[in-house]
Every structure is written in C-alpha cells, then in structure tokens.
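Colleague: Input structure: work_26.cif, which contains mmCIF, C-alpha atoms.
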```cif
data_protein
loop_
_atom_site.label_atom_id
_atom_site.label_comp_id
_atom_site.auth_asym_id
_atom_site.auth_seq_id
_atom_site.Cartn_x
_atom_site.Cartn_y
_atom_site.Cartn_z
CA MET A 1 287.41 19.51 193.19
CA GLN A 2 290.95 20.30 194.35
CA ILE A 3 293.08 22.25 191.90
CA ARG A 4 296.81 22.05 192.47
CA THR A 5 298.28 21.70 188.96
CA ILE A 6 297.17 24.01 186.15
CA GLY A 7 298.10 23.36 182.53
CA ILE A 8 298.37 26.38 180.24
CA ILE A 9 297.28 26.16 176.59
CA GLY A 10 298.02 28.91 174.07
CA TRP A 11 298.62 28.94 170.33
CA LYS A 12 299.32 32.51 169.32
CA GLU A 13 303.03 32.66 170.08
CA LYS A 14 303.37 36.22 168.76
CA SER A 15 300.35 37.57 170.62
CA LEU A 16 301.14 40.40 173.01
CA ASP A 17 298.02 39.52 175.02
CA LEU A 18 299.21 35.95 175.44
CA ALA A 19 302.64 37.12 176.63
CA ARG A 20 300.97 39.54 179.04
CA ALA A 21 298.77 36.76 180.43
CA LEU A 22 301.74 34.45 180.93
CA ASP A 23 303.62 37.20 182.77
CA SER A 24 300.62 37.79 185.01
CA ILE A 25 300.32 34.07 185.81
CA ALA A 26 304.04 33.81 186.60
CA GLU A 27 303.80 36.86 188.87
CA TRP A 28 300.93 35.30 190.80
CA ALA A 29 302.59 31.87 190.92
CA VAL A 30 305.68 33.28 192.66
CA CYS A 31 303.50 34.28 195.62
CA HIS A 32 301.51 31.00 195.64
CA PRO A 33 303.94 28.06 195.54
CA GLU A 34 301.12 25.72 196.58
CA MET A 35 299.80 26.00 193.01
CA LYS A 36 301.85 24.42 190.22
CA PHE A 37 301.73 25.74 186.64
CA ILE A 38 302.84 23.83 183.55
CA ALA A 39 302.72 25.09 179.95
CA MET A 40 302.65 23.34 176.58
CA ASP A 41 306.12 23.17 175.01
CA ASN A 42 305.02 25.36 172.08
CA LEU A 43 305.10 28.25 174.57
CA LYS A 44 308.78 27.79 175.30
CA GLY A 45 310.51 31.14 175.31
CA LEU A 46 307.39 32.98 176.46
CA VAL A 47 306.90 31.53 179.92
CA LYS A 48 308.81 32.58 183.00
CA LYS A 49 309.60 30.72 186.21
CA PRO A 50 308.03 29.18 188.18
CA ILE A 51 305.94 28.03 185.17
CA LYS A 52 307.46 24.85 183.73
CA VAL A 53 307.40 23.88 180.05
CA VAL A 54 306.25 20.28 179.48
CA LYS A 55 305.05 17.92 176.75
CA GLU A 56 301.34 17.50 175.98
CA ALA A 57 301.27 14.14 177.80
CA SER A 58 302.13 15.92 181.06
CA VAL A 59 299.52 18.62 180.47
CA LYS A 60 296.89 15.88 180.25
CA LYS A 61 297.63 15.06 183.91
CA ALA A 62 296.75 18.58 185.12
CA ASP A 63 293.76 19.33 187.36
CA LEU A 64 292.68 22.24 185.16
CA LEU A 65 293.46 23.59 181.69
CA LEU A 66 293.83 27.34 181.39
CA ALA A 67 293.15 28.18 177.72
CA VAL A 68 294.59 31.61 176.94
CA GLY A 69 293.40 32.93 173.58
CA GLY A 70 290.17 32.90 171.60
CA ASP A 71 287.52 30.23 171.22
CA GLY A 72 289.84 28.26 168.91
CA THR A 73 292.29 27.87 171.78
CA VAL A 74 289.49 26.68 174.05
CA LEU A 75 288.54 24.11 171.37
CA SER A 76 292.13 22.88 171.29
CA ALA A 77 292.04 22.52 175.07
CA ALA A 78 288.77 20.56 174.79
CA HIS A 79 290.40 18.03 172.47
CA ILE A 80 293.41 17.72 174.79
CA SER A 81 290.99 17.14 177.67
CA LEU A 82 288.94 14.53 175.77
CA GLY A 83 289.13 11.21 177.60
CA HIS A 84 290.82 12.77 180.64
CA ASN A 85 287.88 14.79 182.00
CA ILE A 86 290.01 17.85 182.75
CA PRO A 87 287.93 21.01 183.28
CA ILE A 88 288.76 24.09 181.22
CA LEU A 89 288.85 27.78 182.04
CA GLY A 90 289.04 30.18 179.10
CA VAL A 91 291.03 33.41 179.37
CA ASN A 92 290.07 35.85 176.63
CA ALA A 93 293.07 36.95 174.59
CA GLY A 94 291.12 36.86 171.33
CA HIS A 95 288.23 38.90 169.97
CA VAL A 96 284.67 37.75 170.68
CA GLY A 97 285.52 34.81 172.94
CA PHE A 98 282.14 33.30 173.90
CA LEU A 99 283.92 30.45 175.71
CA ALA A 100 286.18 32.68 177.79
CA GLU A 101 285.18 33.10 181.43
CA THR A 102 287.71 35.75 182.40
CA ARG A 103 289.91 38.50 181.03
CA ILE A 104 293.66 38.97 181.32
CA LYS A 105 293.31 42.02 183.56
CA ALA A 106 291.28 39.93 186.03
CA LEU A 107 293.69 36.96 186.10
CA HIS A 108 295.01 37.55 189.63
CA GLN A 109 291.47 37.70 191.03
CA THR A 110 290.50 34.63 189.00
CA LEU A 111 293.47 32.65 190.32
CA ASP A 112 292.61 33.76 193.87
CA ASP A 113 289.08 32.46 193.31
CA LEU A 114 290.41 29.15 191.99
CA LEU A 115 292.62 28.78 195.05
CA ASN A 116 289.70 29.51 197.37
CA GLY A 117 287.20 27.31 195.51
CA ASN A 118 285.00 30.19 194.34
CA TYR A 119 283.76 28.60 191.11
CA SER A 120 281.33 26.06 189.74
CA THR A 121 281.45 23.63 186.82
CA ARG A 122 279.24 23.24 183.76
CA ASP A 123 279.23 20.30 181.34
CA ARG A 124 278.81 20.86 177.59
CA MET A 125 277.47 18.15 175.31
CA MET A 126 279.60 16.72 172.51
CA VAL A 127 278.73 14.80 169.36
CA ASP A 128 280.28 11.57 168.07
CA ALA A 129 280.64 11.47 164.28
CA SER A 130 281.30 8.04 162.75
CA LEU A 131 282.07 7.81 159.03
CA TYR A 132 281.09 4.53 157.39
CA ARG A 133 282.04 2.97 154.08
CA GLY A 134 279.46 0.25 153.78
CA LYS A 135 279.34 -1.38 157.22
CA LYS A 136 282.93 -0.48 158.11
CA CYS A 137 283.65 2.56 160.28
CA ILE A 138 286.65 4.25 158.65
CA ALA A 139 286.89 7.37 160.82
CA LYS A 140 285.51 8.67 164.10
CA GLN A 141 285.67 12.09 165.71
CA THR A 142 284.15 13.67 168.81
CA VAL A 143 283.31 17.36 168.39
CA LEU A 144 282.46 20.17 170.77
CA ASN A 145 281.43 22.77 168.18
CA GLU A 146 280.23 21.35 164.87
CA VAL A 147 280.46 18.99 161.95
CA HIS A 148 280.75 21.02 158.75
CA VAL A 149 279.80 19.34 155.47
CA ARG A 150 281.28 21.21 152.52
CA ALA A 151 282.05 20.51 148.88
CA HIS A 152 285.33 18.77 148.12
CA ALA A 153 285.63 21.03 145.06
CA PRO A 154 285.45 24.60 146.39
CA GLU A 155 283.39 25.98 143.53
CA ARG A 156 280.54 23.47 144.02
CA MET A 157 277.49 23.42 146.27
CA VAL A 158 276.62 20.39 148.39
CA ASN A 159 273.69 18.01 148.13
CA VAL A 160 273.20 16.13 151.39
CA ASN A 161 270.49 13.61 152.28
CA VAL A 162 269.55 13.70 155.96
CA ALA A 163 267.78 10.94 157.89
CA TYR A 164 266.65 11.46 161.49
CA ASN A 165 266.38 8.40 163.70
CA GLY A 166 265.74 6.09 160.76
CA THR A 167 263.30 8.36 158.89
CA GLU A 168 264.26 10.25 155.75
CA TYR A 169 264.07 13.95 156.58
CA THR A 170 265.15 16.06 153.60
CA GLU A 171 267.84 16.81 151.04
CA TYR A 172 269.86 19.99 151.54
CA TRP A 173 271.22 21.95 148.62
CA ALA A 174 273.46 24.73 149.86
CA ASP A 175 276.99 26.08 149.89
CA SER A 176 277.57 23.85 152.93
CA LEU A 177 275.77 22.34 155.91
CA LEU A 178 276.52 22.76 159.62
CA VAL A 179 275.48 20.45 162.42
CA SER A 180 276.27 22.44 165.54
CA THR A 181 276.10 21.75 169.27
CA PRO A 182 274.90 24.44 171.71
CA THR A 183 278.56 25.40 172.19
CA GLY A 184 279.01 25.65 168.42
CA SER A 185 275.81 27.65 168.03
CA THR A 186 277.73 30.84 168.87
CA ALA A 187 280.46 30.06 166.33
CA TYR A 188 280.10 29.52 162.56
CA ASN A 189 276.41 28.72 163.05
CA LEU A 190 275.74 32.21 164.41
CA ALA A 191 277.60 33.82 161.51
CA ALA A 192 275.51 31.72 159.09
CA GLY A 193 272.24 32.97 160.59
CA GLY A 194 271.53 30.00 162.85
CA PRO A 195 269.93 30.29 166.32
CA ILE A 196 271.81 30.48 169.60
CA ILE A 197 271.13 27.46 171.82
CA HIS A 198 271.56 27.69 175.58
CA PRO A 199 274.47 25.42 176.60
CA ALA A 200 272.28 23.45 179.04
CA THR A 201 270.10 22.30 176.10
CA TYR A 202 270.99 18.85 174.75
CA ALA A 203 270.27 19.41 171.08
CA VAL A 204 271.93 20.23 167.76
CA VAL A 205 271.01 22.70 165.04
CA LEU A 206 271.17 21.93 161.31
CA THR A 207 272.05 25.13 159.48
CA PRO A 208 272.39 25.29 155.69
CA VAL A 209 274.88 27.95 154.62
CA ALA A 210 273.48 29.99 151.71
CA PRO A 211 270.79 27.41 150.76
CA GLY A 212 269.40 27.21 147.25
CA SER A 213 265.82 27.64 148.52
CA LEU A 214 264.43 30.47 150.64
CA SER A 215 262.08 28.01 152.36
CA VAL A 216 264.99 26.13 153.98
CA ARG A 217 265.66 27.28 157.53
CA PRO A 218 267.84 26.08 160.44
CA LEU A 219 266.32 23.29 162.50
CA VAL A 220 266.96 22.42 166.16
CA MET A 221 266.78 18.68 166.87
CA SER A 222 267.36 16.49 169.92
CA LEU A 223 270.11 13.87 169.71
CA THR A 224 269.24 12.25 173.03
CA GLU A 225 268.94 8.57 172.09
CA LYS A 226 268.50 9.71 168.46
CA THR A 227 270.72 9.60 165.37
CA LEU A 228 271.36 11.80 162.36
CA VAL A 229 272.66 10.18 159.18
CA LEU A 230 274.13 12.30 156.39
CA ARG A 231 274.82 10.99 152.88
CA PRO A 232 276.10 12.63 149.68
CA ALA A 233 273.08 13.02 147.39
CA ALA A 234 274.62 13.84 144.03
CA GLY A 235 277.36 11.25 143.66
CA LYS A 236 280.02 13.79 144.61
CA THR A 237 282.80 13.59 147.20
CA LEU A 238 282.18 15.89 150.17
CA ASP A 239 284.47 17.06 152.97
CA LEU A 240 283.66 16.56 156.64
CA VAL A 241 285.35 19.17 158.82
CA PHE A 242 285.33 18.46 162.55
CA ASP A 243 285.54 21.49 164.85
CA GLY A 244 287.41 23.36 162.12
CA ARG A 245 290.46 21.20 162.86
CA THR A 246 290.30 17.89 161.00
CA CYS A 247 289.06 17.34 157.44
CA VAL A 248 288.05 13.89 156.15
CA PRO A 249 286.68 13.21 152.63
CA MET A 250 283.28 11.51 152.43
CA GLU A 251 283.04 9.51 149.19
CA PRO A 252 279.71 9.16 147.33
CA GLU A 253 279.04 5.71 148.86
CA ASP A 254 279.88 6.81 152.43
CA HIS A 255 277.60 8.01 155.20
CA VAL A 256 278.25 9.67 158.55
CA VAL A 257 276.29 8.87 161.71
CA LEU A 258 275.96 11.57 164.36
CA THR A 259 275.02 10.68 167.94
CA GLN A 260 275.13 12.38 171.31
CA SER A 261 278.48 11.51 172.82
CA LYS A 262 278.97 9.97 176.23
CA SER A 263 281.94 12.30 176.56
CA PHE A 264 281.47 15.91 177.56
CA THR A 265 283.59 19.01 178.08
CA THR A 266 283.57 20.59 181.52
CA PHE A 267 284.04 24.34 181.83
CA LEU A 268 284.72 26.26 184.99
CA ARG A 269 282.32 29.08 185.65
CA MET A 270 283.43 31.90 187.88
CA ARG A 271 280.93 33.45 190.27
CA HIS A 272 280.68 36.71 188.32
CA THR A 273 279.99 35.25 184.88
CA GLY A 274 277.19 33.50 183.00
CA PHE A 275 276.03 32.63 179.48
CA VAL A 276 273.32 35.30 179.33
CA GLY A 277 275.77 37.92 180.57
CA ALA A 278 278.25 36.83 177.91
CA LEU A 279 275.60 37.27 175.20
CA ARG A 280 274.79 40.76 176.42
CA GLU A 281 278.46 41.71 176.45
CA LYS A 282 279.65 40.05 173.24
CA LEU A 283 276.62 40.87 171.09
CA GLY A 284 275.89 44.29 172.54
CA TRP A 285 272.44 43.37 173.86
CA THR A 286 272.07 46.50 175.94
CA GLY A 287 268.33 46.91 175.58
CA LYS A 288 266.29 49.87 174.42
CA ARG A 289 267.85 53.30 174.61
CA ASP A 290 265.83 56.24 175.86
#
```
For the file at hand, write its structure as structure tokens.
Modeller:
Amino acid sequence: MQIRTIGIIGWKEKSLDLARALDSIAEWAVCHPEMKFIAMDNLKGLVKKPIKVVKEASVKKADLLLAVGGDGTVLSAAHISLGHNIPILGVNAGHVGFLAETRIKALHQTLDDLLNGNYSTRDRMMVDASLYRGKKCIAKQTVLNEVHVRAHAPERMVNVNVAYNGTEYTEYWADSLLVSTPTGSTAYNLAAGGPIIHPATYAVVLTPVAPGSLSVRPLVMSLTEKTLVLRPAAGKTLDLVFDGRTCVPMEPEDHVVLTQSKSFTTFLRMRHTGFVGALREKLGWTGKRD
C-alpha cells in the first residue's frame, strides 16, 4: 500500500495535546514534501502549513486517516472511512486509548516508518444493525464498537427478548444491554464487567449492564453466518445507540437484526506495537511483584 496523502481527524479543538500533535506533523511535513497532509475543516485555526484544511469529502479520498485523540476520535475516523476502505492510524491524545497505535512524542518516528513502509494492517469486524417495523427496514447502521440497548425513559430498566439464529435465547432484564464487537470489548463492555475479546476473533459479546439477576452473565457468540434479533419485551419504547454516536428509538412492535457486516475497519499496526502489549500497558498487567 502506497501512502502519499494523509487525512487528519481530530475533535478536541481546545486540546493542548492535539495542537502539539498538529505542530509536530507540520514540522515533519516541511521536510517531506513527497507526503501530503490534509485536515478536517473543524481544525481550521490549529493547523499550520503545509497541512491544508479541506472538507470531509476530500478527506475521504486520502490514503490514510490519522486519528489524533482518544478512542472516540478513532471511532469517528472509522465512520468516515466506512465504504471507502481507508486504513486508520490512531495517535493517542486521550486517556486510555486502546485503539491508538502511537503517541504524540513518537510521531516523527511513526511518520518515518509510514514513509518507509514499516507497518502492517489489521482488519476489525463490524456489525450491521437493521431496525424493522414489521417487514420494513426503517433504519440501518454499521458499528465498530457496539449496539447499546437502553431505556427510552432514563429511570426505567430494559426488558429485551433475544433470539439467536432463529431460536429464542432469553429475556434480559437490566439497566441496559450491550452487544459489543471485539473492538468494543475494551470500551463500555469492559467497564460493565464484560470480557475482552482478541480483535482477530469474529464474535460479539452480549453484556447486561447491572442485570436484575445474579445468574445472568456476559455471553460471547459467533455472528459468522448467524443473526441476533432483539425485541422489546415489556411493551416499552427502547433506545438503540450505535457506537455512542447515533440514537434511534425502537418502538414496542419493532425488532433489530444484527449480522456480521461485509464491511470492516482497517487499522495500521506499527512494528513496535500489538494488542497484548496494549493490554499490558493500558491495564497495568505487569505481572507478579517480588
């Protein structure tokens, strides 16, 4: 893969780390005119030449998206990339940053590696969520992290019927219900007590948040040529939240069908990084102390 145009994504306009990263990129770009950098127009006023400010449509033509921020910024980049198959490299200007492959202080070395082809790519599975009212599909979303089913009225719990590949599975009664991909397993799912799934695993995890029964536990399920169907169980309107970005109400007569998407998100992996190493660093898995 030849990288000649890099699109920069960032959402925290007042972040000092973001400004520092943009300065570092501009500094490197001056010495490497063979690489072109373009930034989303929301970053106008922060970027310096030779970085150019462009509209989102132009960013979608880039060879690579550089997502500077936390995992939320990487998610935004994934949705910009959707349908265009643009690989993403996360630069950690947030806190935990499981999806970030590099740090701001290492940006010059990272850009050198990109120029010299010292990287590999990894695909992450996505999930298609189709909301039906009767036989009519009224909404469709593709998610990288999770589908979150929560009560439309904040003070209520949710009752959700789940069917797996045509067979009734169970009814969840909880504060909310998460259906997370391996990428999403280190996000809200992890905070809710769900398991971490290696990103090469093509599966989802159903995690009830604060369930009403102690016997209910998260469940990892394959979606390869399988379907999950979720329905409101108590005649109440529920909210479907896709990747923490888009919220769609699910009426009592509706149902949502979850399938493994044919789309995927491609991440760049630098030679010095890896998922297991990220877990050790982010979660403090340092092993037994003497």
Colleague: For a quick check of understanding, using all atoms listed in the file, which of A:Leu22, A:Ala151, A:Val47, A:Leu66 has the smallest distance to Ala234 of chain A?
Modeller: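 Closest to Ala234 of chain A of all the choices is A:Ala151.
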Colleague: Which residues fall under the PyMOL selection byres ((chain A and resi 221) around 12) in this file, as a PyMOL selection string?
Modeller: chain A and resi 163-165+169+179-182+197+201-207+218-220+222-228+258-260
Colleague: In Å, how far is it from atom CA of Met126 of chain A to atom CA of Thr142 of chain A?
Modeller: 6.6 Å
Colleague: Could you tell me how far atom CA of Pro33 of chain A sits from atom CA of Glu56 of chain A, in Å to one decimal place?
Modeller: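 If I compute the distance from atom CA of Glu56 of chain A to atom CA of Pro33 of chain A, I get 22.4 Å.
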Colleague: Mind giving me the straight-line distance from atom CA of Ala100 of chain A to atom CA of Phe267 of chain A in Å, one decimal?
Modeller: 9.5 Å
Colleague: Would you pick out the contacts of segment 171-175 of chain A at 10 Å or less, using only C-alpha atoms, so that residues sharing its chain but fewer than 3 positions from it are not included, and give the list as a PyMOL selection string?
Modeller: chain A and resi 149-151+154-163+168+207-213+216+230-234
Colleague: Which polymer residues have any atom within 9 Å of an atom of Gly184 of chain A, counting all atoms listed in the file, with same-chain residues fewer than 5 positions away left out, as JSON, numbers by chain?
Modeller: {"A": [144, 145, 146, 179, 189, 190, 196, 197, 204, 243]}
Colleague: So, with all atoms listed in the file as the atoms that count, which of A:Ala187, A:Met1, A:Ala21, A:Ala153 lies closest to Ala93 of chain A?
Modeller: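 Among the listed residues, the smallest separation from Ala93 of chain A belongs to A:Ala21.
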Colleague: Got a sec to resolve the PyMOL selection byres ((chain A and resi 237) around 6) on this structure and send the residues as a compact mmCIF listing (two decimals) with C-alpha atoms, in the frame of the given file?
Modeller:
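Now in result_9.txt:
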```
# COMPACT_ATOMS: atom_id res chain seq x y z
CA HIS A 152 285.33 18.77 148.12
CA LYS A 236 280.02 13.79 144.61
CA LEU A 238 282.18 15.89 150.17
CA MET A 250 283.28 11.51 152.43
CA GLU A 251 283.04 9.51 149.19
CA PRO A 252 279.71 9.16 147.33
```
Colleague: Could you pull the residues within 6 Å of Val147 of chain A, counting all atoms listed in the file, minus those fewer than 4 positions along the same chain, as a PyMOL selection string?
Modeller: chain A and resi 178-179+241-242
Colleague: Store the residues of this selection in a file with C-alpha atoms, as a CSV table (one decimal), in the coordinates of the input.
Modeller:
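Okay, this is what ended up in again.csv:
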```csv
chain,number,residue,atom,x,y,z
A,178,LEU,CA,276.5,22.8,159.6
A,179,VAL,CA,275.5,20.4,162.4
A,241,VAL,CA,285.4,19.2,158.8
A,242,PHE,CA,285.3,18.5,162.6
```
Colleague: List as a PyMOL selection string the protein and nucleic acid residues near Leu43 of chain A, meaning an atom at most 12 Å away when all atoms listed in the file are counted, but skip any in the same chain fewer than 6 places from it.
Modeller: chain A and resi 7-15+18-19+22+51-56+68
Colleague: Since the input lacks atoms, please generate N, CA, C and O atoms for segment 99-123 of chain A and provide them as a PDB file, in the coordinates of the input.
Modeller:
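The result, stored in result-v9.pdb:
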```pdb
ATOM      1  N   LEU A  99     283.567  31.515 174.780  1.00  0.00           N
ATOM      2  CA  LEU A  99     283.920  30.450 175.710  1.00  0.00           C
ATOM      3  C   LEU A  99     284.859  30.913 176.813  1.00  0.00           C
ATOM      4  O   LEU A  99     285.210  30.135 177.687  1.00  0.00           O
ATOM      5  N   ALA A 100     285.265  32.163 176.774  1.00  0.00           N
ATOM      6  CA  ALA A 100     286.180  32.680 177.790  1.00  0.00           C
ATOM      7  C   ALA A 100     285.395  33.141 179.013  1.00  0.00           C
ATOM      8  O   ALA A 100     284.402  33.857 178.897  1.00  0.00           O
ATOM      9  N   GLU A 101     285.841  32.728 180.198  1.00  0.00           N
ATOM     10  CA  GLU A 101     285.180  33.100 181.430  1.00  0.00           C
ATOM     11  C   GLU A 101     285.821  34.305 182.114  1.00  0.00           C
ATOM     12  O   GLU A 101     285.239  34.893 183.019  1.00  0.00           O
ATOM     13  N   THR A 102     287.029  34.653 181.727  1.00  0.00           N
ATOM     14  CA  THR A 102     287.710  35.750 182.400  1.00  0.00           C
ATOM     15  C   THR A 102     288.600  36.505 181.429  1.00  0.00           C
ATOM     16  O   THR A 102     288.875  36.023 180.329  1.00  0.00           O
ATOM     17  N   ARG A 103     289.027  37.671 181.835  1.00  0.00           N
ATOM     18  CA  ARG A 103     289.910  38.500 181.030  1.00  0.00           C
ATOM     19  C   ARG A 103     291.308  38.535 181.645  1.00  0.00           C
ATOM     20  O   ARG A 103     291.489  38.232 182.820  1.00  0.00           O
ATOM     21  N   ILE A 104     292.277  38.937 180.844  1.00  0.00           N
ATOM     22  CA  ILE A 104     293.660  38.970 181.320  1.00  0.00           C
ATOM     23  C   ILE A 104     293.801  39.902 182.512  1.00  0.00           C
ATOM     24  O   ILE A 104     294.477  39.576 183.496  1.00  0.00           O
ATOM     25  N   LYS A 105     293.152  41.051 182.472  1.00  0.00           N
ATOM     26  CA  LYS A 105     293.310  42.020 183.560  1.00  0.00           C
ATOM     27  C   LYS A 105     292.737  41.505 184.879  1.00  0.00           C
ATOM     28  O   LYS A 105     293.071  42.043 185.952  1.00  0.00           O
ATOM     29  N   ALA A 106     291.881  40.484 184.815  1.00  0.00           N
ATOM     30  CA  ALA A 106     291.280  39.930 186.030  1.00  0.00           C
ATOM     31  C   ALA A 106     291.935  38.613 186.448  1.00  0.00           C
ATOM     32  O   ALA A 106     291.412  37.909 187.323  1.00  0.00           O
ATOM     33  N   LEU A 107     293.076  38.275 185.850  1.00  0.00           N
ATOM     34  CA  LEU A 107     293.690  36.960 186.100  1.00  0.00           C
ATOM     35  C   LEU A 107     294.036  36.743 187.564  1.00  0.00           C
ATOM     36  O   LEU A 107     293.809  35.658 188.102  1.00  0.00           O
ATOM     37  N   HIS A 108     294.616  37.736 188.226  1.00  0.00           N
ATOM     38  CA  HIS A 108     295.010  37.550 189.630  1.00  0.00           C
ATOM     39  C   HIS A 108     293.792  37.239 190.496  1.00  0.00           C
ATOM     40  O   HIS A 108     293.836  36.342 191.347  1.00  0.00           O
ATOM     41  N   GLN A 109     292.692  37.969 190.278  1.00  0.00           N
ATOM     42  CA  GLN A 109     291.470  37.700 191.030  1.00  0.00           C
ATOM     43  C   GLN A 109     290.922  36.321 190.696  1.00  0.00           C
ATOM     44  O   GLN A 109     290.449  35.588 191.575  1.00  0.00           O
ATOM     45  N   THR A 110     290.983  35.943 189.422  1.00  0.00           N
ATOM     46  CA  THR A 110     290.500  34.630 189.000  1.00  0.00           C
ATOM     47  C   THR A 110     291.310  33.521 189.661  1.00  0.00           C
ATOM     48  O   THR A 110     290.748  32.533 190.158  1.00  0.00           O
ATOM     49  N   LEU A 111     292.629  33.663 189.697  1.00  0.00           N
ATOM     50  CA  LEU A 111     293.470  32.650 190.320  1.00  0.00           C
ATOM     51  C   LEU A 111     293.236  32.601 191.832  1.00  0.00           C
ATOM     52  O   LEU A 111     293.254  31.519 192.433  1.00  0.00           O
ATOM     53  N   ASP A 112     292.981  33.745 192.444  1.00  0.00           N
ATOM     54  CA  ASP A 112     292.610  33.760 193.870  1.00  0.00           C
ATOM     55  C   ASP A 112     291.324  32.964 194.087  1.00  0.00           C
ATOM     56  O   ASP A 112     291.212  32.173 195.039  1.00  0.00           O
ATOM     57  N   ASP A 113     290.348  33.179 193.202  1.00  0.00           N
ATOM     58  CA  ASP A 113     289.080  32.460 193.310  1.00  0.00           C
ATOM     59  C   ASP A 113     289.274  30.956 193.132  1.00  0.00           C
ATOM     60  O   ASP A 113     288.636  30.145 193.825  1.00  0.00           O
ATOM     61  N   LEU A 114     290.130  30.571 192.183  1.00  0.00           N
ATOM     62  CA  LEU A 114     290.410  29.150 191.990  1.00  0.00           C
ATOM     63  C   LEU A 114     291.022  28.546 193.253  1.00  0.00           C
ATOM     64  O   LEU A 114     290.644  27.450 193.692  1.00  0.00           O
ATOM     65  N   LEU A 115     291.953  29.261 193.841  1.00  0.00           N
ATOM     66  CA  LEU A 115     292.620  28.780 195.050  1.00  0.00           C
ATOM     67  C   LEU A 115     291.634  28.620 196.205  1.00  0.00           C
ATOM     68  O   LEU A 115     291.727  27.679 196.998  1.00  0.00           O
ATOM     69  N   ASN A 116     290.659  29.524 196.261  1.00  0.00           N
ATOM     70  CA  ASN A 116     289.700  29.510 197.370  1.00  0.00           C
ATOM     71  C   ASN A 116     288.429  28.728 197.064  1.00  0.00           C
ATOM     72  O   ASN A 116     287.516  28.666 197.889  1.00  0.00           O
ATOM     73  N   GLY A 117     288.360  28.138 195.865  1.00  0.00           N
ATOM     74  CA  GLY A 117     287.200  27.310 195.510  1.00  0.00           C
ATOM     75  C   GLY A 117     285.972  28.097 195.135  1.00  0.00           C
ATOM     76  O   GLY A 117     284.846  27.566 195.184  1.00  0.00           O
ATOM     77  N   ASN A 118     286.139  29.340 194.710  1.00  0.00           N
ATOM     78  CA  ASN A 118     285.000  30.190 194.340  1.00  0.00           C
ATOM     79  C   ASN A 118     284.665  30.026 192.862  1.00  0.00           C
ATOM     80  O   ASN A 118     284.899  30.917 192.047  1.00  0.00           O
ATOM     81  N   TYR A 119     284.125  28.887 192.498  1.00  0.00           N
ATOM     82  CA  TYR A 119     283.760  28.600 191.110  1.00  0.00           C
ATOM     83  C   TYR A 119     282.777  27.440 191.095  1.00  0.00           C
ATOM     84  O   TYR A 119     282.568  26.764 192.117  1.00  0.00           O
ATOM     85  N   SER A 120     282.183  27.229 189.955  1.00  0.00           N
ATOM     86  CA  SER A 120     281.330  26.060 189.740  1.00  0.00           C
ATOM     87  C   SER A 120     281.718  25.439 188.403  1.00  0.00           C
ATOM     88  O   SER A 120     282.538  25.990 187.667  1.00  0.00           O
ATOM     89  N   THR A 121     281.131  24.298 188.081  1.00  0.00           N
ATOM     90  CA  THR A 121     281.450  23.630 186.820  1.00  0.00           C
ATOM     91  C   THR A 121     280.170  23.453 185.996  1.00  0.00           C
ATOM     92  O   THR A 121     279.073  23.323 186.546  1.00  0.00           O
ATOM     93  N   ARG A 122     280.346  23.466 184.691  1.00  0.00           N
ATOM     94  CA  ARG A 122     279.240  23.240 183.760  1.00  0.00           C
ATOM     95  C   ARG A 122     279.711  22.284 182.668  1.00  0.00           C
ATOM     96  O   ARG A 122     280.779  22.479 182.094  1.00  0.00           O
ATOM     97  N   ASP A 123     278.908  21.267 182.392  1.00  0.00           N
ATOM     98  CA  ASP A 123     279.230  20.300 181.340  1.00  0.00           C
ATOM     99  C   ASP A 123     278.584  20.731 180.024  1.00  0.00           C
ATOM    100  O   ASP A 123     277.430  21.182 180.006  1.00  0.00           O
TER     101      ASP A 123
END
```
